[in-house]
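**Student:** Next comes the structure file input.pdb, holding PDB, N, CA and C atoms.
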ATOM      1  N   HIS A 207      10.922   8.725  14.827
ATOM      2  CA  HIS A 207      10.972   8.769  13.387
ATOM      3  C   HIS A 207      11.359  10.176  12.955
ATOM      4  N   ARG A 208      12.417  10.300  12.251
ATOM      5  CA  ARG A 208      12.888  11.598  11.759
ATOM      6  C   ARG A 208      13.112  11.526  10.270
ATOM      7  N   PRO A 209      13.001  12.567   9.483
ATOM      8  CA  PRO A 209      12.511  13.882   9.898
ATOM      9  C   PRO A 209      10.998  13.858  10.089
ATOM     10  N   ARG A 210      10.526  14.782  10.863
ATOM     11  CA  ARG A 210       9.106  14.841  11.183
ATOM     12  C   ARG A 210       8.618  16.270  11.027
ATOM     13  N   ALA A 211       7.449  16.426  10.412
ATOM     14  CA  ALA A 211       6.828  17.743  10.289
ATOM     15  C   ALA A 211       5.913  17.966  11.482
ATOM     16  N   GLY A 212       5.684  19.206  11.837
ATOM     17  CA  GLY A 212       4.785  19.520  12.937
ATOM     18  C   GLY A 212       5.520  19.547  14.268
ATOM     19  N   ASP A 213       4.755  19.692  15.331
ATOM     20  CA  ASP A 213       5.362  19.772  16.658
ATOM     21  C   ASP A 213       5.583  18.377  17.245
ATOM     22  N   GLU A 214       6.162  18.335  18.420
ATOM     23  CA  GLU A 214       6.495  17.055  19.058
ATOM     24  C   GLU A 214       5.252  16.253  19.468
ATOM     25  N   GLN A 215       4.088  16.905  19.546
ATOM     26  CA  GLN A 215       2.863  16.212  19.925
ATOM     27  C   GLN A 215       2.169  15.565  18.725
ATOM     28  N   THR A 216       2.627  15.888  17.528
ATOM     29  CA  THR A 216       2.002  15.387  16.307
ATOM     30  C   THR A 216       2.793  14.196  15.788
ATOM     31  N   ILE A 217       2.190  13.026  15.862
ATOM     32  CA  ILE A 217       2.880  11.816  15.421
ATOM     33  C   ILE A 217       1.901  10.964  14.607
ATOM     34  N   ALA A 218       2.319  10.561  13.422
ATOM     35  CA  ALA A 218       1.536   9.644  12.597
ATOM     36  C   ALA A 218       2.484   8.944  11.643
ATOM     37  N   GLU A 219       2.114   7.767  11.221
ATOM     38  CA  GLU A 219       2.904   7.010  10.257
ATOM     39  C   GLU A 219       2.025   6.664   9.068
ATOM     40  N   ILE A 220       2.652   6.525   7.928
ATOM     41  CA  ILE A 220       1.963   6.023   6.746
ATOM     42  C   ILE A 220       2.630   4.711   6.376
ATOM     43  N   ILE A 221       1.821   3.671   6.261
ATOM     44  CA  ILE A 221       2.345   2.337   5.981
ATOM     45  C   ILE A 221       1.649   1.779   4.746
ATOM     46  N   TYR A 222       2.431   1.193   3.866
ATOM     47  CA  TYR A 222       1.891   0.504   2.691
ATOM     48  C   TYR A 222       2.699  -0.769   2.497
ATOM     49  N   TRP A 223       2.010  -1.868   2.291
ATOM     50  CA  TRP A 223       2.724  -3.087   1.928
ATOM     51  C   TRP A 223       1.820  -3.988   1.097
ATOM     52  N   GLU A 224       2.468  -4.837   0.324
ATOM     53  CA  GLU A 224       1.759  -5.806  -0.505
ATOM     54  C   GLU A 224       2.004  -7.203   0.058
ATOM     55  N   ARG A 225       0.934  -7.946   0.200
ATOM     56  CA  ARG A 225       1.004  -9.309   0.723
ATOM     57  C   ARG A 225       1.389 -10.268  -0.398
ATOM     58  N   PRO A 226       2.100 -11.348  -0.081
ATOM     59  CA  PRO A 226       2.473 -12.332  -1.101
ATOM     60  C   PRO A 226       1.256 -12.928  -1.824
ATOM     61  N   GLU A 227       0.118 -12.998  -1.131
ATOM     62  CA  GLU A 227      -1.096 -13.561  -1.722
ATOM     63  C   GLU A 227      -1.812 -12.573  -2.630
ATOM     64  N   GLY A 228      -1.324 -11.324  -2.707
ATOM     65  CA  GLY A 228      -1.921 -10.324  -3.586
ATOM     66  C   GLY A 228      -2.649  -9.204  -2.873
ATOM     67  N   GLY A 229      -2.874  -9.321  -1.589
ATOM     68  CA  GLY A 229      -3.546  -8.255  -0.853
ATOM     69  C   GLY A 229      -2.635  -7.051  -0.665
ATOM     70  N   ARG A 230      -3.250  -5.882  -0.493
ATOM     71  CA  ARG A 230      -2.490  -4.654  -0.267
ATOM     72  C   ARG A 230      -3.057  -3.924   0.938
ATOM     73  N   VAL A 231      -2.198  -3.256   1.672
ATOM     74  CA  VAL A 231      -2.601  -2.537   2.874
ATOM     75  C   VAL A 231      -2.052  -1.124   2.811
ATOM     76  N   PHE A 232      -2.916  -0.142   3.098
ATOM     77  CA  PHE A 232      -2.503   1.248   3.272
ATOM     78  C   PHE A 232      -3.085   1.706   4.596
ATOM     79  N   HIS A 233      -2.239   2.238   5.457
ATOM     80  CA  HIS A 233      -2.669   2.648   6.792
ATOM     81  C   HIS A 233      -2.004   3.972   7.121
ATOM     82  N   THR A 234      -2.790   4.936   7.608
ATOM     83  CA  THR A 234      -2.220   6.248   7.925
ATOM     84  C   THR A 234      -1.754   6.373   9.360
ATOM     85  N   GLY A 235      -2.224   5.545  10.245
ATOM     86  CA  GLY A 235      -1.756   5.586  11.621
ATOM     87  C   GLY A 235      -2.223   6.795  12.406
ATOM     88  N   SER A 236      -3.270   7.466  11.936
ATOM     89  CA  SER A 236      -3.774   8.644  12.633
ATOM     90  C   SER A 236      -5.292   8.681  12.534
ATOM     91  N   ILE A 237      -5.949   8.982  13.647
ATOM     92  CA  ILE A 237      -7.404   9.100  13.611
ATOM     93  C   ILE A 237      -7.837  10.419  12.985
ATOM     94  N   ALA A 238      -6.898  11.323  12.750
ATOM     95  CA  ALA A 238      -7.222  12.648  12.218
ATOM     96  C   ALA A 238      -6.930  12.780  10.726
ATOM     97  N   THR A 239      -6.697  11.685  10.034
ATOM     98  CA  THR A 239      -6.340  11.765   8.618
ATOM     99  C   THR A 239      -7.430  12.438   7.795
ATOM    100  N   ALA A 240      -8.676  12.049   7.980
ATOM    101  CA  ALA A 240      -9.765  12.652   7.199
ATOM    102  C   ALA A 240      -9.838  14.152   7.458
ATOM    103  N   TRP A 241      -9.685  14.568   8.695
ATOM    104  CA  TRP A 241      -9.688  15.990   9.034
ATOM    105  C   TRP A 241      -8.514  16.694   8.370
ATOM    106  N   ALA A 242      -7.339  16.085   8.417
ATOM    107  CA  ALA A 242      -6.132  16.704   7.868
ATOM    108  C   ALA A 242      -6.221  16.879   6.361
ATOM    109  N   MET A 243      -6.947  15.996   5.676
ATOM    110  CA  MET A 243      -7.080  16.114   4.225
ATOM    111  C   MET A 243      -7.757  17.421   3.831
ATOM    112  N   TYR A 244      -8.635  17.940   4.678
ATOM    113  CA  TYR A 244      -9.311  19.212   4.404
ATOM    114  C   TYR A 244      -8.305  20.361   4.347
ATOM    115  N   TYR A 245      -7.248  20.283   5.135
ATOM    116  CA  TYR A 245      -6.274  21.365   5.256
ATOM    117  C   TYR A 245      -4.986  21.137   4.477
ATOM    118  N   ASP A 246      -4.720  19.914   4.061
ATOM    119  CA  ASP A 246      -3.430  19.586   3.446
ATOM    120  C   ASP A 246      -3.646  18.975   2.060
ATOM    121  N   GLU A 247      -3.438  19.785   1.027
ATOM    122  CA  GLU A 247      -3.678  19.329  -0.344
ATOM    123  C   GLU A 247      -2.761  18.169  -0.733
ATOM    124  N   SER A 248      -1.538  18.160  -0.233
ATOM    125  CA  SER A 248      -0.626  17.067  -0.583
ATOM    126  C   SER A 248      -1.104  15.736   0.006
ATOM    127  N   LEU A 249      -1.661  15.755   1.198
ATOM    128  CA  LEU A 249      -2.225  14.532   1.782
ATOM    129  C   LEU A 249      -3.454  14.083   0.995
ATOM    130  N   THR A 250      -4.283  15.033   0.594
ATOM    131  CA  THR A 250      -5.448  14.713  -0.226
ATOM    132  C   THR A 250      -5.025  14.041  -1.523
ATOM    133  N   ASN A 251      -4.001  14.579  -2.172
ATOM    134  CA  ASN A 251      -3.506  13.990  -3.416
ATOM    135  C   ASN A 251      -2.922  12.599  -3.184
ATOM    136  N   LEU A 252      -2.225  12.411  -2.073
ATOM    137  CA  LEU A 252      -1.677  11.097  -1.748
ATOM    138  C   LEU A 252      -2.795  10.068  -1.610
ATOM    139  N   VAL A 253      -3.833  10.405  -0.853
ATOM    140  CA  VAL A 253      -4.945   9.474  -0.651
ATOM    141  C   VAL A 253      -5.669   9.217  -1.975
ATOM    142  N   ARG A 254      -5.844  10.255  -2.780
ATOM    143  CA  ARG A 254      -6.470  10.077  -4.098
ATOM    144  C   ARG A 254      -5.655   9.098  -4.945
ATOM    145  N   ASN A 255      -4.334   9.241  -4.939
ATOM    146  CA  ASN A 255      -3.469   8.342  -5.705
ATOM    147  C   ASN A 255      -3.516   6.909  -5.174
ATOM    148  N   ILE A 256      -3.559   6.756  -3.858
ATOM    149  CA  ILE A 256      -3.662   5.417  -3.265
ATOM    150  C   ILE A 256      -4.978   4.754  -3.682
ATOM    151  N   LEU A 257      -6.071   5.509  -3.622
ATOM    152  CA  LEU A 257      -7.361   4.948  -4.027
ATOM    153  C   LEU A 257      -7.344   4.554  -5.502
ATOM    154  N   HIS A 258      -6.712   5.364  -6.336
ATOM    155  CA  HIS A 258      -6.569   5.025  -7.755
ATOM    156  C   HIS A 258      -5.737   3.742  -7.901
ATOM    157  N   HIS A 259      -4.648   3.640  -7.138
ATOM    158  CA  HIS A 259      -3.796   2.445  -7.163
ATOM    159  C   HIS A 259      -4.587   1.198  -6.763
ATOM    160  N   PHE A 260      -5.524   1.359  -5.823
ATOM    161  CA  PHE A 260      -6.370   0.255  -5.382
ATOM    162  C   PHE A 260      -7.571   0.044  -6.310
ATOM    163  N   LYS A 261      -7.621   0.819  -7.393
ATOM    164  CA  LYS A 261      -8.680   0.723  -8.406
ATOM    165  C   LYS A 261     -10.065   1.062  -7.855
ATOM    166  N   VAL A 262     -10.120   2.027  -6.927
ATOM    167  CA  VAL A 262     -11.391   2.528  -6.407
ATOM    168  C   VAL A 262     -11.882   3.604  -7.369
ATOM    169  N   LYS A 263     -13.095   3.445  -7.873
ATOM    170  CA  LYS A 263     -13.672   4.393  -8.824
ATOM    171  C   LYS A 263     -14.363   5.527  -8.071
ATOM    172  N   PRO A 264     -14.159   6.782  -8.515
ATOM    173  CA  PRO A 264     -14.862   7.896  -7.868
ATOM    174  C   PRO A 264     -16.364   7.833  -8.159
ATOM    175  N   LYS A 265     -17.162   8.333  -7.224
ATOM    176  CA  LYS A 265     -18.606   8.392  -7.453
ATOM    177  C   LYS A 265     -18.890   9.425  -8.527
ATOM    178  N   LYS A 266     -19.912   9.152  -9.314
ATOM    179  CA  LYS A 266     -20.292  10.093 -10.381
ATOM    180  C   LYS A 266     -21.372  11.014  -9.919
TER     181      LYS A 266
END
Could you render the structure from this file as structure tokens?

**Tutor:**
Amino acid sequence: HRPRAGDEQTIAEIIYWERPEGGRVFHTGSIATAWAMYYDESLTNLVRNILHHFKVKPKK
């Protein structure tokens, strides 16, 4: 998959699709996504936007 950020050992995919029945799927393809959000503000914003799109309410 090109273009790719990071070194050759760093590989992850982001997948989003909507099912005909109305279901939606978001998958990051990496076990380190939560860790990476601490260091990458753009990834944090992406996940925040996805959660908003899925109508997940933030805790108060």

**Student:** Point out the residue among A:Ala240, A:Pro264, A:His258, A:Thr234 with the least atom-to-atom distance to Tyr222 in chain A, counting all atoms listed in the file.

**Tutor:**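 Going through A:Ala240, A:Pro264, A:His258, A:Thr234 one by one, the smallest distance to Tyr222 in chain A is for A:Thr234.
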
**Student:** Which residues in chain A does DSSP call alpha helix (DSSP H)? List them as a PyMOL selection string.

**Tutor:** chain A and resi 239-245+247-259

**Student:** So for range 244-255 of chain A, what box centre and size do we get, axis-aligned, 6 Å extra on each of the six sides, every listed atom, Å to one decimal, as JSON?

**Tutor:**
{"center_x": -5.0, "center_y": 14.1, "center_z": -0.2, "size_x": 20.7, "size_y": 26.5, "size_z": 23.0}

**Student:** Can you list, as a VMD selection string, all residues belonging to range 222-266 of chain A that DSSP tags as strand (DSSP E or B)?

**Tutor:** chain A and resid 222 to 224 230 to 233

**Student:** In Å, rounded to a single decimal, give me how far CA of Lys265 in chain A is from atom C of Glu224 in chain A.

**Tutor:**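 These two atoms are separated by 26.9 Å.
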
**Student:** In Å to one decimal, how far is atom C of Arg225 in chain A from CA of Leu249 in chain A?

**Tutor:**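 Computing the Euclidean distance for CA of Leu249 in chain A and atom C of Arg225 in chain A yields 25.2 Å.
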
**Student:** Could you check how far atom C of Gly229 in chain A sits from atom C of Lys263 in chain A, in Å to one decimal?

**Tutor:**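 Atom C of Lys263 in chain A lies at a distance of 18.7 Å from atom C of Gly229 in chain A.
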
**Student:** Go through A:Ser248, A:Lys261, A:Ile256, A:Ala218 and flag the residue nearest Phe232 in chain A, using only N, CA and C atoms for the distances.

**Tutor:**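 Using only N, CA and C atoms, Phe232 in chain A sits closest to A:Ile256.
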
**Student:** Convert the output of the PyMOL selection byres ((chain A and resi 236) around 8) on the shown file into explicit residues, formatted as JSON, numbers by chain.

**Tutor:** {"A": [217, 218, 219, 220, 233, 234, 235, 237, 238, 239, 240]}

**Student:** From the block you just saw, export range 248-264 of chain A: N, CA and C atoms, as a short mmCIF file (atom, residue, chain, number, x, y, z; two decimals), in the first residue's frame.

**Tutor:**
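Generated output (decode-v8.cif):
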data_model
loop_
_atom_site.label_atom_id
_atom_site.label_comp_id
_atom_site.auth_asym_id
_atom_site.auth_seq_id
_atom_site.Cartn_x
_atom_site.Cartn_y
_atom_site.Cartn_z
N SER A 248 -3.50 14.04 14.86
CA SER A 248 -4.38 13.84 13.70
C SER A 248 -5.13 12.51 13.81
N LEU A 249 -4.49 11.48 14.32
CA LEU A 249 -5.18 10.20 14.53
C LEU A 249 -6.23 10.34 15.63
N THR A 250 -5.91 11.07 16.68
CA THR A 250 -6.88 11.32 17.75
C THR A 250 -8.11 12.02 17.20
N ASN A 251 -7.90 13.03 16.36
CA ASN A 251 -9.02 13.76 15.77
C ASN A 251 -9.84 12.86 14.84
N LEU A 252 -9.17 12.00 14.09
CA LEU A 252 -9.87 11.07 13.21
C LEU A 252 -10.79 10.15 14.02
N VAL A 253 -10.26 9.57 15.09
CA VAL A 253 -11.06 8.66 15.92
C VAL A 253 -12.21 9.43 16.59
N ARG A 254 -11.94 10.64 17.05
CA ARG A 254 -13.00 11.47 17.64
C ARG A 254 -14.12 11.71 16.62
N ASN A 255 -13.75 12.02 15.38
CA ASN A 255 -14.75 12.25 14.34
C ASN A 255 -15.53 10.98 14.00
N ILE A 256 -14.85 9.85 13.97
CA ILE A 256 -15.53 8.57 13.71
C ILE A 256 -16.55 8.28 14.82
N LEU A 257 -16.14 8.48 16.07
CA LEU A 257 -17.06 8.24 17.18
C LEU A 257 -18.26 9.18 17.10
N HIS A 258 -18.03 10.42 16.72
CA HIS A 258 -19.14 11.37 16.53
C HIS A 258 -20.05 10.88 15.40
N HIS A 259 -19.46 10.41 14.30
CA HIS A 259 -20.23 9.88 13.17
C HIS A 259 -21.09 8.69 13.61
N PHE A 260 -20.57 7.88 14.53
CA PHE A 260 -21.30 6.73 15.05
C PHE A 260 -22.26 7.12 16.18
N LYS A 261 -22.34 8.43 16.45
CA LYS A 261 -23.23 8.98 17.48
C LYS A 261 -22.89 8.50 18.89
N VAL A 262 -21.59 8.32 19.17
CA VAL A 262 -21.13 7.98 20.51
C VAL A 262 -20.99 9.28 21.29
N LYS A 263 -21.65 9.37 22.43
CA LYS A 263 -21.61 10.58 23.26
C LYS A 263 -20.41 10.53 24.20
N PRO A 264 -19.68 11.65 24.33
CA PRO A 264 -18.56 11.67 25.28
C PRO A 264 -19.07 11.60 26.72
#
